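The structure file structure.pdb is reproduced below (PDB, C-alpha atoms).
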ATOM      1  CA  MET A  30      28.073 -25.555 -24.822
ATOM      2  CA  ARG A  31      30.476 -27.865 -23.068
ATOM      3  CA  ARG A  32      33.412 -26.521 -25.048
ATOM      4  CA  GLN A  33      32.360 -22.952 -24.308
ATOM      5  CA  ALA A  34      32.168 -23.726 -20.590
ATOM      6  CA  GLU A  35      35.595 -25.374 -20.597
ATOM      7  CA  HIS A  36      37.037 -22.398 -22.502
ATOM      8  CA  PHE A  37      35.512 -20.004 -19.948
ATOM      9  CA  VAL A  38      37.012 -21.935 -17.030
ATOM     10  CA  ARG A  39      40.460 -22.078 -18.663
ATOM     11  CA  THR A  40      40.298 -18.341 -19.405
ATOM     12  CA  ARG A  41      39.480 -17.516 -15.774
ATOM     13  CA  GLN A  42      42.210 -19.839 -14.527
ATOM     14  CA  ASN A  43      44.816 -18.333 -16.852
ATOM     15  CA  ARG A  44      43.774 -14.833 -15.852
ATOM     16  CA  TYR A  45      44.166 -15.752 -12.191
ATOM     17  CA  LYS A  46      47.613 -17.268 -12.839
ATOM     18  CA  ILE A  47      48.744 -14.145 -14.676
ATOM     19  CA  MET A  48      47.656 -11.973 -11.760
ATOM     20  CA  GLU A  49      49.281 -14.347  -9.282
ATOM     21  CA  HIS A  50      52.538 -14.418 -11.238
ATOM     22  CA  HIS A  51      52.639 -10.612 -11.428
ATOM     23  CA  HIS A  52      52.000 -10.253  -7.701
ATOM     24  CA  HIS A  53      54.645 -12.805  -6.792
ATOM     25  CA  HIS A  54      57.385 -10.962  -8.670
ATOM     26  CA  GLU A  55      56.512  -7.455  -7.516
ATOM     27  CA  HIS A  56      59.546  -6.898  -5.364
ATOM     28  CA  THR A  57      61.897  -4.123  -4.403
ATOM     29  CA  PRO A  58      65.133  -3.883  -6.372
ATOM     30  CA  PRO A  59      68.033  -5.196  -4.284
ATOM     31  CA  THR A  60      69.986  -2.029  -5.047
ATOM     32  CA  GLU A  61      67.531   0.257  -3.215
ATOM     33  CA  SER A  62      69.720   0.196  -0.125
ATOM     34  CA  LEU A  63      72.566   1.582  -2.234
ATOM     35  CA  ASN A  64      70.885   4.961  -2.695
ATOM     36  CA  GLY A  65      72.683   6.371   0.355
ATOM     37  CA  VAL A  66      75.988   4.918  -0.812
ATOM     38  CA  PHE A  67      75.576   6.546  -4.218
ATOM     39  CA  ILE A  68      74.660   9.915  -2.719
ATOM     40  CA  VAL A  69      77.766   9.894  -0.509
ATOM     41  CA  SER A  70      79.878   8.823  -3.478
ATOM     42  CA  ILE A  71      78.451  11.567  -5.688
ATOM     43  CA  VAL A  72      79.135  14.299  -3.133
ATOM     44  CA  LEU A  73      82.697  13.131  -2.411
ATOM     45  CA  ASN A  74      83.599  12.740  -6.085
ATOM     46  CA  LEU A  75      82.040  16.045  -7.097
ATOM     47  CA  LEU A  76      84.045  17.918  -4.448
ATOM     48  CA  PHE A  77      87.194  16.140  -5.573
ATOM     49  CA  VAL A  78      86.501  16.927  -9.250
ATOM     50  CA  LEU A  79      86.249  20.629  -8.476
ATOM     51  CA  ALA A  80      89.485  20.576  -6.492
ATOM     52  CA  GLU A  81      91.374  18.467  -9.049
ATOM     53  CA  ALA A  82      90.197  20.530 -12.008
ATOM     54  CA  GLY A  83      91.169  23.750 -10.245
ATOM     55  CA  VAL A  84      94.694  22.513  -9.445
ATOM     56  CA  GLY A  85      95.085  21.034 -12.927
ATOM     57  CA  TRP A  86      94.067  24.283 -14.592
ATOM     58  CA  TYR A  87      96.280  26.399 -12.361
ATOM     59  CA  GLU A  88      99.309  24.115 -12.736
ATOM     60  CA  ASN A  89      98.803  23.289 -16.453
ATOM     61  CA  SER A  90      98.605  19.572 -15.697
ATOM     62  CA  LEU A  91      96.838  17.638 -18.448
ATOM     63  CA  GLY A  92      97.053  14.515 -16.300
ATOM     64  CA  LEU A  93      94.989  16.138 -13.548
ATOM     65  CA  LEU A  94      92.545  17.726 -15.985
ATOM     66  CA  SER A  95      91.962  14.461 -17.841
ATOM     67  CA  ASP A  96      91.506  12.587 -14.563
ATOM     68  CA  ALA A  97      89.098  15.302 -13.368
ATOM     69  CA  GLY A  98      87.123  14.912 -16.596
ATOM     70  CA  HIS A  99      86.960  11.175 -16.050
ATOM     71  CA  ASN A 100      85.820  11.648 -12.454
ATOM     72  CA  LEU A 101      83.168  14.095 -13.630
ATOM     73  CA  GLY A 102      81.925  11.407 -15.996
ATOM     74  CA  ASP A 103      81.730   9.054 -13.026
ATOM     75  CA  VAL A 104      79.635  11.594 -11.132
ATOM     76  CA  PHE A 105      77.184  11.770 -14.030
ATOM     77  CA  SER A 106      77.179   7.984 -14.176
ATOM     78  CA  LEU A 107      76.270   7.749 -10.498
ATOM     79  CA  LEU A 108      73.512  10.330 -10.952
ATOM     80  CA  LEU A 109      72.103   8.429 -13.915
ATOM     81  CA  ALA A 110      72.253   5.189 -11.955
ATOM     82  CA  LEU A 111      70.236   6.768  -9.145
ATOM     83  CA  LEU A 112      67.673   7.981 -11.679
ATOM     84  CA  ALA A 113      67.462   4.511 -13.214
ATOM     85  CA  PHE A 114      66.900   2.890  -9.813
ATOM     86  CA  ARG A 115      64.081   5.338  -9.117
ATOM     87  CA  LEU A 116      62.460   4.561 -12.463
ATOM     88  CA  SER A 117      62.890   0.810 -11.967
ATOM     89  CA  LYS A 118      60.676   0.957  -8.853
ATOM     90  CA  MET A 119      57.726   2.451 -10.742
ATOM     91  CA  HIS A 120      54.800   0.100 -11.313
ATOM     92  CA  GLY A 121      53.803  -1.170 -14.731
ATOM     93  CA  THR A 122      51.276   0.683 -16.874
ATOM     94  CA  LYS A 123      49.118  -0.175 -19.870
ATOM     95  CA  ARG A 124      51.873   1.011 -22.190
ATOM     96  CA  TYR A 125      54.832  -0.228 -20.105
ATOM     97  CA  THR A 126      53.785  -3.508 -18.507
ATOM     98  CA  TYR A 127      57.259  -4.037 -17.021
ATOM     99  CA  GLY A 128      57.353  -0.480 -15.723
ATOM    100  CA  TYR A 129      60.629   1.333 -16.442
ATOM    101  CA  LYS A 130      63.036  -1.399 -15.373
ATOM    102  CA  LYS A 131      64.759  -1.374 -18.768
ATOM    103  CA  SER A 132      65.970   2.154 -18.058
ATOM    104  CA  THR A 133      68.748   0.654 -15.929
ATOM    105  CA  VAL A 134      70.111  -1.051 -19.053
ATOM    106  CA  LEU A 135      69.889   2.158 -21.088
ATOM    107  CA  VAL A 136      71.717   4.050 -18.338
ATOM    108  CA  SER A 137      74.575   1.538 -18.298
ATOM    109  CA  LEU A 138      74.861   1.892 -22.093
ATOM    110  CA  LEU A 139      74.843   5.689 -21.822
ATOM    111  CA  ASN A 140      77.544   5.545 -19.146
ATOM    112  CA  ALA A 141      79.759   3.476 -21.431
ATOM    113  CA  ILE A 142      79.261   5.941 -24.283
ATOM    114  CA  ILE A 143      80.128   8.893 -22.036
ATOM    115  CA  LEU A 144      83.357   7.180 -21.011
ATOM    116  CA  LEU A 145      84.288   6.461 -24.629
ATOM    117  CA  VAL A 146      83.777  10.133 -25.509
ATOM    118  CA  ALA A 147      86.017  11.072 -22.575
ATOM    119  CA  VAL A 148      88.701   8.674 -23.844
ATOM    120  CA  GLY A 149      88.632  10.321 -27.282
ATOM    121  CA  ALA A 150      88.971  13.814 -25.796
ATOM    122  CA  ILE A 151      91.900  12.768 -23.583
ATOM    123  CA  VAL A 152      93.747  11.119 -26.473
ATOM    124  CA  ILE A 153      93.351  14.166 -28.743
ATOM    125  CA  GLU A 154      94.587  16.580 -26.073
ATOM    126  CA  SER A 155      97.473  14.290 -25.115
ATOM    127  CA  ILE A 156      98.698  14.124 -28.713
ATOM    128  CA  ARG A 157      98.577  17.916 -28.908
ATOM    129  CA  LYS A 158     100.565  18.203 -25.668
ATOM    130  CA  PHE A 159     103.348  15.974 -27.015
ATOM    131  CA  GLY A 160     104.260  18.695 -29.513
ATOM    132  CA  ASP A 161     104.254  21.419 -26.868
ATOM    133  CA  PRO A 162     104.944  20.110 -23.347
ATOM    134  CA  VAL A 163     104.529  22.770 -20.669
ATOM    135  CA  PRO A 164     106.087  22.984 -17.191
ATOM    136  CA  VAL A 165     103.999  21.347 -14.458
ATOM    137  CA  ASN A 166     104.263  21.602 -10.687
ATOM    138  CA  GLY A 167     104.955  17.955  -9.924
ATOM    139  CA  ALA A 168     104.487  18.312  -6.165
ATOM    140  CA  ALA A 169     101.021  19.868  -6.537
ATOM    141  CA  VAL A 170     100.048  17.115  -8.976
ATOM    142  CA  SER A 171     101.174  14.395  -6.577
ATOM    143  CA  TRP A 172      99.359  15.816  -3.574
ATOM    144  CA  THR A 173      96.130  16.296  -5.526
ATOM    145  CA  ALA A 174      96.261  12.799  -6.995
ATOM    146  CA  GLY A 175      96.996  11.441  -3.518
ATOM    147  CA  ALA A 176      93.676  12.866  -2.343
ATOM    148  CA  GLY A 177      92.101  11.142  -5.348
ATOM    149  CA  ILE A 178      93.425   7.789  -4.154
ATOM    150  CA  LEU A 179      91.590   8.248  -0.856
ATOM    151  CA  VAL A 180      88.303   9.436  -2.414
ATOM    152  CA  ASN A 181      88.186   6.885  -5.239
ATOM    153  CA  GLY A 182      89.424   4.040  -3.077
ATOM    154  CA  PHE A 183      86.808   4.729  -0.405
ATOM    155  CA  THR A 184      84.042   4.919  -3.021
ATOM    156  CA  ALA A 185      85.168   1.640  -4.613
ATOM    157  CA  TRP A 186      85.132   0.022  -1.186
ATOM    158  CA  LEU A 187      81.546   1.200  -0.613
ATOM    159  CA  LEU A 188      80.415  -0.322  -3.920
ATOM    160  CA  MET A 189      82.489  -3.500  -3.793
ATOM    161  CA  ARG A 190      80.043  -5.620  -1.784
ATOM    162  CA  SER A 191      77.106  -5.103  -4.182
ATOM    163  CA  ARG A 192      78.958  -5.025  -7.492
ATOM    164  CA  LYS A 193      77.764  -8.523  -8.484
ATOM    165  CA  ASN A 194      74.078  -7.712  -8.062
ATOM    166  CA  ASP A 195      73.660  -5.048 -10.741
ATOM    167  CA  LEU A 196      75.411  -3.980 -13.953
ATOM    168  CA  ASN A 197      75.271  -0.298 -13.035
ATOM    169  CA  VAL A 198      76.813  -0.951  -9.631
ATOM    170  CA  HIS A 199      79.464  -3.124 -11.245
ATOM    171  CA  GLY A 200      80.208  -0.372 -13.744
ATOM    172  CA  ALA A 201      80.486   2.239 -10.995
ATOM    173  CA  PHE A 202      82.812  -0.038  -9.030
ATOM    174  CA  LEU A 203      85.038  -0.544 -12.078
ATOM    175  CA  HIS A 204      85.199   3.207 -12.625
ATOM    176  CA  MET A 205      86.184   3.900  -9.046
ATOM    177  CA  ALA A 206      88.748   1.097  -8.950
ATOM    178  CA  ALA A 207      90.240   2.281 -12.239
ATOM    179  CA  ASP A 208      90.325   5.864 -10.949
ATOM    180  CA  THR A 209      92.216   4.707  -7.880
ATOM    181  CA  LEU A 210      94.872   3.074 -10.045
ATOM    182  CA  VAL A 211      94.979   6.128 -12.313
ATOM    183  CA  SER A 212      95.512   8.410  -9.318
ATOM    184  CA  VAL A 213      98.439   6.214  -8.279
ATOM    185  CA  GLY A 214      99.907   6.734 -11.761
ATOM    186  CA  VAL A 215      99.445  10.494 -11.528
ATOM    187  CA  VAL A 216     101.190  10.540  -8.145
ATOM    188  CA  VAL A 217     104.149   8.734  -9.693
ATOM    189  CA  SER A 218     104.253  11.077 -12.694
ATOM    190  CA  GLY A 219     104.128  14.127 -10.402
ATOM    191  CA  ALA A 220     107.044  12.803  -8.400
ATOM    192  CA  VAL A 221     109.034  12.149 -11.595
ATOM    193  CA  MET A 222     108.345  15.667 -12.915
ATOM    194  CA  ALA A 223     109.317  17.221  -9.589
ATOM    195  CA  ALA A 224     112.579  15.261  -9.500
ATOM    196  CA  THR A 225     113.645  15.348 -13.169
ATOM    197  CA  GLY A 226     111.715  18.140 -14.881
ATOM    198  CA  TRP A 227     110.683  15.668 -17.597
ATOM    199  CA  PHE A 228     107.307  17.292 -18.341
ATOM    200  CA  VAL A 229     106.485  15.126 -21.347
ATOM    201  CA  ILE A 230     105.485  12.415 -18.872
ATOM    202  CA  ASP A 231     102.253  14.383 -18.257
ATOM    203  CA  PRO A 232     100.672  13.556 -21.672
ATOM    204  CA  ILE A 233     102.142  10.025 -21.433
ATOM    205  CA  VAL A 234     100.248   9.472 -18.179
ATOM    206  CA  SER A 235      97.133  10.915 -19.821
ATOM    207  CA  LEU A 236      97.348   8.285 -22.573
ATOM    208  CA  LEU A 237      97.761   5.575 -19.948
ATOM    209  CA  ILE A 238      94.680   6.915 -18.187
ATOM    210  CA  ALA A 239      92.760   6.734 -21.467
ATOM    211  CA  ALA A 240      93.877   3.130 -21.933
ATOM    212  CA  VAL A 241      92.748   2.163 -18.425
ATOM    213  CA  ILE A 242      89.373   3.816 -18.977
ATOM    214  CA  LEU A 243      88.939   2.042 -22.308
ATOM    215  CA  VAL A 244      89.730  -1.384 -20.863
ATOM    216  CA  SER A 245      87.423  -0.932 -17.873
ATOM    217  CA  THR A 246      84.633   0.381 -20.119
ATOM    218  CA  TRP A 247      84.772  -2.307 -22.797
ATOM    219  CA  ARG A 248      82.986  -5.045 -20.800
ATOM    220  CA  LEU A 249      80.376  -2.550 -19.593
ATOM    221  CA  LEU A 250      79.732  -1.465 -23.185
ATOM    222  CA  ALA A 251      79.518  -5.033 -24.511
ATOM    223  CA  GLU A 252      77.156  -6.192 -21.741
ATOM    224  CA  SER A 253      74.965  -3.088 -22.057
ATOM    225  CA  LEU A 254      74.625  -3.572 -25.815
ATOM    226  CA  ARG A 255      73.746  -7.237 -25.330
ATOM    227  CA  LEU A 256      71.049  -6.459 -22.764
ATOM    228  CA  SER A 257      69.701  -3.606 -24.912
ATOM    229  CA  LEU A 258      69.204  -6.119 -27.736
ATOM    230  CA  ASP A 259      67.477  -8.552 -25.348
ATOM    231  CA  GLY A 260      70.464 -10.876 -25.351
ATOM    232  CA  ILE A 261      71.118 -13.363 -22.577
ATOM    233  CA  PRO A 262      72.891 -11.683 -19.611
ATOM    234  CA  GLY A 263      76.489 -12.746 -19.100
ATOM    235  CA  ASN A 264      75.829 -14.088 -15.600
ATOM    236  CA  ILE A 265      73.258 -16.613 -16.849
ATOM    237  CA  ASP A 266      74.591 -20.116 -17.500
ATOM    238  CA  THR A 267      72.593 -21.333 -20.498
ATOM    239  CA  GLY A 268      73.869 -24.883 -20.020
ATOM    240  CA  ARG A 269      72.491 -24.911 -16.487
ATOM    241  CA  ILE A 270      69.160 -23.510 -17.691
ATOM    242  CA  ALA A 271      68.901 -26.207 -20.351
ATOM    243  CA  ALA A 272      69.717 -28.895 -17.776
ATOM    244  CA  ILE A 273      66.965 -27.600 -15.472
ATOM    245  CA  LEU A 274      64.343 -27.555 -18.219
ATOM    246  CA  GLU A 275      65.295 -30.940 -19.672
ATOM    247  CA  GLY A 276      66.322 -32.663 -16.449
ATOM    248  CA  ASP A 277      62.849 -33.452 -15.175
ATOM    249  CA  PRO A 278      61.901 -36.982 -16.370
ATOM    250  CA  ARG A 279      58.287 -35.831 -16.757
ATOM    251  CA  VAL A 280      59.354 -33.392 -19.505
ATOM    252  CA  ARG A 281      59.612 -34.976 -22.935
ATOM    253  CA  GLU A 282      60.627 -31.917 -24.956
ATOM    254  CA  VAL A 283      61.465 -28.247 -24.510
ATOM    255  CA  HIS A 284      61.171 -25.590 -27.189
ATOM    256  CA  HIS A 285      60.596 -21.874 -27.787
ATOM    257  CA  VAL A 286      63.040 -20.954 -25.020
ATOM    258  CA  HIS A 287      63.778 -17.239 -24.708
ATOM    259  CA  ILE A 288      65.865 -15.492 -22.023
ATOM    260  CA  TRP A 289      66.264 -11.748 -21.718
ATOM    261  CA  ALA A 290      66.918  -9.007 -19.173
ATOM    262  CA  ILE A 291      64.025  -6.957 -17.831
ATOM    263  CA  SER A 292      66.552  -4.753 -16.040
ATOM    264  CA  THR A 293      70.157  -4.981 -14.930
ATOM    265  CA  THR A 294      69.001  -7.148 -12.005
ATOM    266  CA  ASP A 295      65.906  -9.033 -13.241
ATOM    267  CA  VAL A 296      66.041 -11.779 -15.871
ATOM    268  CA  ALA A 297      62.986 -13.318 -17.559
ATOM    269  CA  LEU A 298      62.432 -16.623 -19.347
ATOM    270  CA  THR A 299      59.667 -18.116 -21.447
ATOM    271  CA  ALA A 300      59.572 -21.752 -22.551
ATOM    272  CA  HIS A 301      57.210 -24.394 -23.873
ATOM    273  CA  LEU A 302      57.316 -27.721 -22.050
ATOM    274  CA  VAL A 303      55.973 -30.909 -23.595
ATOM    275  CA  LEU A 304      54.929 -33.245 -20.771
ATOM    276  CA  ASN A 305      54.318 -36.946 -20.801
ATOM    277  CA  ARG A 306      51.234 -36.399 -18.614
ATOM    278  CA  LEU A 307      49.322 -33.149 -18.294
ATOM    279  CA  GLU A 308      48.361 -34.173 -14.770
ATOM    280  CA  ASP A 309      51.928 -33.298 -13.695
ATOM    281  CA  MET A 310      51.642 -29.736 -15.015
ATOM    282  CA  GLU A 311      51.426 -27.813 -11.738
ATOM    283  CA  SER A 312      54.133 -29.736  -9.881
ATOM    284  CA  VAL A 313      56.514 -29.594 -12.869
ATOM    285  CA  LYS A 314      56.056 -25.846 -13.295
ATOM    286  CA  ARG A 315      56.485 -25.183  -9.579
ATOM    287  CA  GLU A 316      59.671 -27.249  -9.246
ATOM    288  CA  ILE A 317      61.251 -25.891 -12.433
ATOM    289  CA  ARG A 318      60.500 -22.283 -11.429
ATOM    290  CA  GLU A 319      62.183 -22.841  -8.062
ATOM    291  CA  GLN A 320      65.301 -24.198  -9.773
ATOM    292  CA  LEU A 321      65.310 -21.376 -12.309
ATOM    293  CA  GLY A 322      65.073 -18.857  -9.467
ATOM    294  CA  ARG A 323      68.254 -20.258  -7.947
ATOM    295  CA  ALA A 324      69.900 -20.012 -11.380
ATOM    296  CA  GLY A 325      69.156 -16.286 -11.642
ATOM    297  CA  ILE A 326      65.818 -16.310 -13.503
ATOM    298  CA  ALA A 327      63.421 -14.134 -11.514
ATOM    299  CA  HIS A 328      60.481 -14.246 -13.944
ATOM    300  CA  ALA A 329      59.710 -17.616 -15.580
ATOM    301  CA  THR A 330      56.674 -18.136 -17.805
ATOM    302  CA  LEU A 331      56.205 -21.813 -18.677
ATOM    303  CA  GLU A 332      53.638 -23.004 -21.190
ATOM    304  CA  VAL A 333      52.706 -26.665 -21.077
ATOM    305  CA  GLU A 334      51.808 -28.819 -24.071
ATOM    306  CA  SER A 335      50.713 -32.420 -24.452
ATOM    307  CA  ALA A 336      53.147 -35.119 -25.513
ATOM    308  CA  GLY A 337      51.325 -35.556 -28.819
ATOM    309  CA  ALA A 338      52.556 -32.186 -30.091
ATOM    310  CA  HIS A 339      55.976 -32.105 -31.732
ATOM    311  CA  CYS A 340      57.753 -28.860 -32.473
ATOM    312  CA  GLY A 341      60.850 -29.627 -34.546
ATOM    313  CA  CYS A 342      61.652 -25.906 -34.769
ATOM    314  CA  ALA A 343      64.939 -24.058 -34.455
ATOM    315  CA  ASP A 344      64.152 -22.912 -30.886
ATOM    316  CA  CYS A 345      64.162 -26.462 -29.506
ATOM    317  CA  ILE A 346      66.896 -27.236 -27.015
TER     318      ILE A 346
END
Could you write out this structure as C-alpha cells?
Amino acid sequence: MRRQAEHFVRTRQNRYKIMEHHHHHEHTPPTESLNGVFIVSIVLNLLFVLAEAGVGWYENSLGLLSDAGHNLGDVFSLLLALLAFRLSKMHGTKRYTYGYKKSTVLVSLLNAIILLVAVGAIVIESIRKFGDPVPVNGAAVSWTAGAGILVNGFTAWLLMRSRKNDLNVHGAFLHMAADTLVSVGVVVSGAVMAATGWFVIDPIVSLLIAAVILVSTWRLLAESLRLSLDGIPGNIDTGRIAAILEGDPRVREVHHVHIWAISTTDVALTAHLVLNRLEDMESVKREIREQLGRAGIAHATLEVESAGAHCGCADCI
C-alpha cells in the first residue's frame, strides 16, 4: 500500500510538471512580426517579376528571363514561409503534440529544392543559347535590372535584422541579397551588349546567375536536410551544451542526450542527469534549464537519476 501511494503521488507530480512545462513554452514565434514585411516583399517582388519577364520576353533576354524565374521562385518561397509561420502557431493536438512547427523546416527544404530546379533550367537554356545567340536590347536590359537592384535590395534590407532568428528568414534574406548582386551583373551585361553588340554575354551572365543561386542555396539545403532528419541545428554549440550539463558539481554523470529542432526557431533537448544527491533535483534542473535557454535550447526535458545508477552507453557525454 505504501508503494502504491508513493507511485500515485509521483504520477500526479509528474503530470503536473508536464502540464507546467507545456504551459511555460507556449509562446508566440518571434517571426510573427515579420508577416507584414513578407507581405510587402511578396507584392513588390511579384510586380517586378511580371515587369522583368515581360521585358525579357519582348527583348529576347535570357538573362532577364532567368532572373525573373529566380525572383518568381523567391515569391513562392516567401508565400510558403508565411504559410509555415501560420501553421507553426497552431496548438498541439493528440496526433501532433508539437503542433505544426516542423512545417517551417519542411518549407525551407522545399524552397531549396525549388531553387535547385531553377538552377537546372537556367543552365540548360543557357547552353542552348550559346549555340544560337540572339540580339538583345542592352539598354532595356540594364534599366530593368536596375529596377531589380532597388526592389531586391530594399527587400533584403527589410529581412536583414531578423535573418539570424529563423532559417526561413535567413534563406529569404540570402535570396534577396543574391538577387541584388545578380541584378548588378545583368546591368553590366546590358551595358556591354549595348556598347559592343557582344550578345553571347547574355547566356554567360545566366550561367553566373545559376552559380550564385547554387552557392546561396547550398547552406539552406544542407541545414534543412539536417533539421528534417532531427539533426542538431547549426547554431547550437554542442561543446557549450556539454559544459552546461556537466559543469554543475552536483551532477555526477550525463547520458542519453538528444538535441533536435522542433521548428526553424525552437530547439529541444532531453537528457538524463545522475546526481550525487536527489535532494538537489529541483535546483539543478532549474539552473541548468536557465543556462540552456541562454544557449538556444527553448525546450529542455531533464530526467534525474540516483548516483547508484551507471549508464556506460554510447549516448554518454
Could the residues of range 160-242 of chain A that have an atom at most 10 Å from range 109-126 of chain A be listed as a tab-separated table, each with its closest atom pair and the distance in Å to one decimal, counting all atoms listed in the file and ordered by chain and ascending residue number?
residue	atom	partner	partner_atom	distance
A:Leu196	CA	A:Ala110	CA	9.9
A:Asn197	CA	A:Ala110	CA	6.4
A:Val198	CA	A:Ala110	CA	8.0
A:Gly200	CA	A:Ala110	CA	9.9
A:Ala201	CA	A:Ala110	CA	8.8
Selection to disk with C-alpha atoms, as an mmCIF file, keeping the file's coordinate frame:
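Printed below is selection33.cif as written:
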data_model
loop_
_atom_site.group_PDB
_atom_site.id
_atom_site.type_symbol
_atom_site.label_atom_id
_atom_site.label_comp_id
_atom_site.auth_asym_id
_atom_site.auth_seq_id
_atom_site.Cartn_x
_atom_site.Cartn_y
_atom_site.Cartn_z
ATOM 1 C CA LEU A 196 75.411 -3.980 -13.953
ATOM 2 C CA ASN A 197 75.271 -0.298 -13.035
ATOM 3 C CA VAL A 198 76.813 -0.951 -9.631
ATOM 4 C CA GLY A 200 80.208 -0.372 -13.744
ATOM 5 C CA ALA A 201 80.486 2.239 -10.995
#
Exercise: Leu307 in chain A partners within 10 Å, only C-alpha atoms, chain neighbours under 5 positions left out, as JSON, numbers by chain:
{"A": [279, 313, 333, 334, 335, 336]}
Pull the closest atom pair for each residue of range 141-178 of chain A that gets at most 7 Å from range 90-104 of chain A, along with the distance in Å to one decimal, counting only C-alpha atoms, ordering rows by chain and then ascending residue number, as a tab-separated table.
residue	atom	partner	partner_atom	distance
A:Ile143	CA	A:Gly102	CA	6.8
A:Leu144	CA	A:Gly102	CA	6.7
A:Ala147	CA	A:His99	CA	6.6
A:Ile151	CA	A:Ser95	CA	6.0
A:Val165	CA	A:Ser90	CA	5.8
A:Val170	CA	A:Leu93	CA	6.9
Nearest to Trp186 in chain A, chosen from A:Leu236, A:Ala174, A:Met205, A:Ile242, with all atoms listed in the file counted in the distances
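With all atoms listed in the file as the atom set, the closest residue is A:Met205.
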Suppose a student applies the PyMOL selection byres ((chain A and resi 317) around 10) to this structure; what residues should they get, written as a list in words?
Ile270, Ile273, Leu274, Glu275, Gly276, Asp277, Ser312, Val313, Lys314, Arg315, Glu316, Arg318, Glu319, Gln320, Leu321, Gly322, Ala329 and Leu331 of chain A
Output file for the residues above (C-alpha atoms, as a PDB file, in the coordinates of the input):
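Below you can see out.pdb, which holds the result:
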ATOM      1  CA  ILE A 270      69.160 -23.510 -17.691  1.00  0.00           C
ATOM      2  CA  ILE A 273      66.965 -27.600 -15.472  1.00  0.00           C
ATOM      3  CA  LEU A 274      64.343 -27.555 -18.219  1.00  0.00           C
ATOM      4  CA  GLU A 275      65.295 -30.940 -19.672  1.00  0.00           C
ATOM      5  CA  GLY A 276      66.322 -32.663 -16.449  1.00  0.00           C
ATOM      6  CA  ASP A 277      62.849 -33.452 -15.175  1.00  0.00           C
ATOM      7  CA  SER A 312      54.133 -29.736  -9.881  1.00  0.00           C
ATOM      8  CA  VAL A 313      56.514 -29.594 -12.869  1.00  0.00           C
ATOM      9  CA  LYS A 314      56.056 -25.846 -13.295  1.00  0.00           C
ATOM     10  CA  ARG A 315      56.485 -25.183  -9.579  1.00  0.00           C
ATOM     11  CA  GLU A 316      59.671 -27.249  -9.246  1.00  0.00           C
ATOM     12  CA  ARG A 318      60.500 -22.283 -11.429  1.00  0.00           C
ATOM     13  CA  GLU A 319      62.183 -22.841  -8.062  1.00  0.00           C
ATOM     14  CA  GLN A 320      65.301 -24.198  -9.773  1.00  0.00           C
ATOM     15  CA  LEU A 321      65.310 -21.376 -12.309  1.00  0.00           C
ATOM     16  CA  GLY A 322      65.073 -18.857  -9.467  1.00  0.00           C
ATOM     17  CA  ALA A 329      59.710 -17.616 -15.580  1.00  0.00           C
ATOM     18  CA  LEU A 331      56.205 -21.813 -18.677  1.00  0.00           C
TER      19      LEU A 331
END
Provide the CA of Glu252 in chain A to CA of Ser132 in chain A distance in Å, to one decimal place.
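CA of Glu252 in chain A sits 14.4 Å away from CA of Ser132 in chain A.
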Please provide as a PyMOL selection string all residues within 9 Å of Ile230 in chain A, with the sequence filter that same-chain residues fewer than 6 positions apart are discarded (counting only C-alpha atoms).
chain A and resi 162+218-219+221-222
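For the pair CA of Phe105 in chain A and CA of Leu75 in chain A, the interatomic distance is 9.5 Å.
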Atomic distance CA of Val84 in chain A - CA of Ser171 in chain A, expressed in Å with one decimal:
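Computed distance, CA of Val84 in chain A to CA of Ser171 in chain A, equals 10.8 Å.
Checking A:Val72, A:Leu108, A:Arg323, A:Thr299 one by one against Asp266 in chain A, counting only C-alpha atoms, you find the shortest gap at A:Arg323.
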Around the point (85.8, 15.7, -6.0) (coordinates from the file), which residues reach within 10 Å if we count only C-alpha atoms? Answer as a PyMOL selection string.
chain A and resi 70-82+97+100-101+104+176-177+180-181
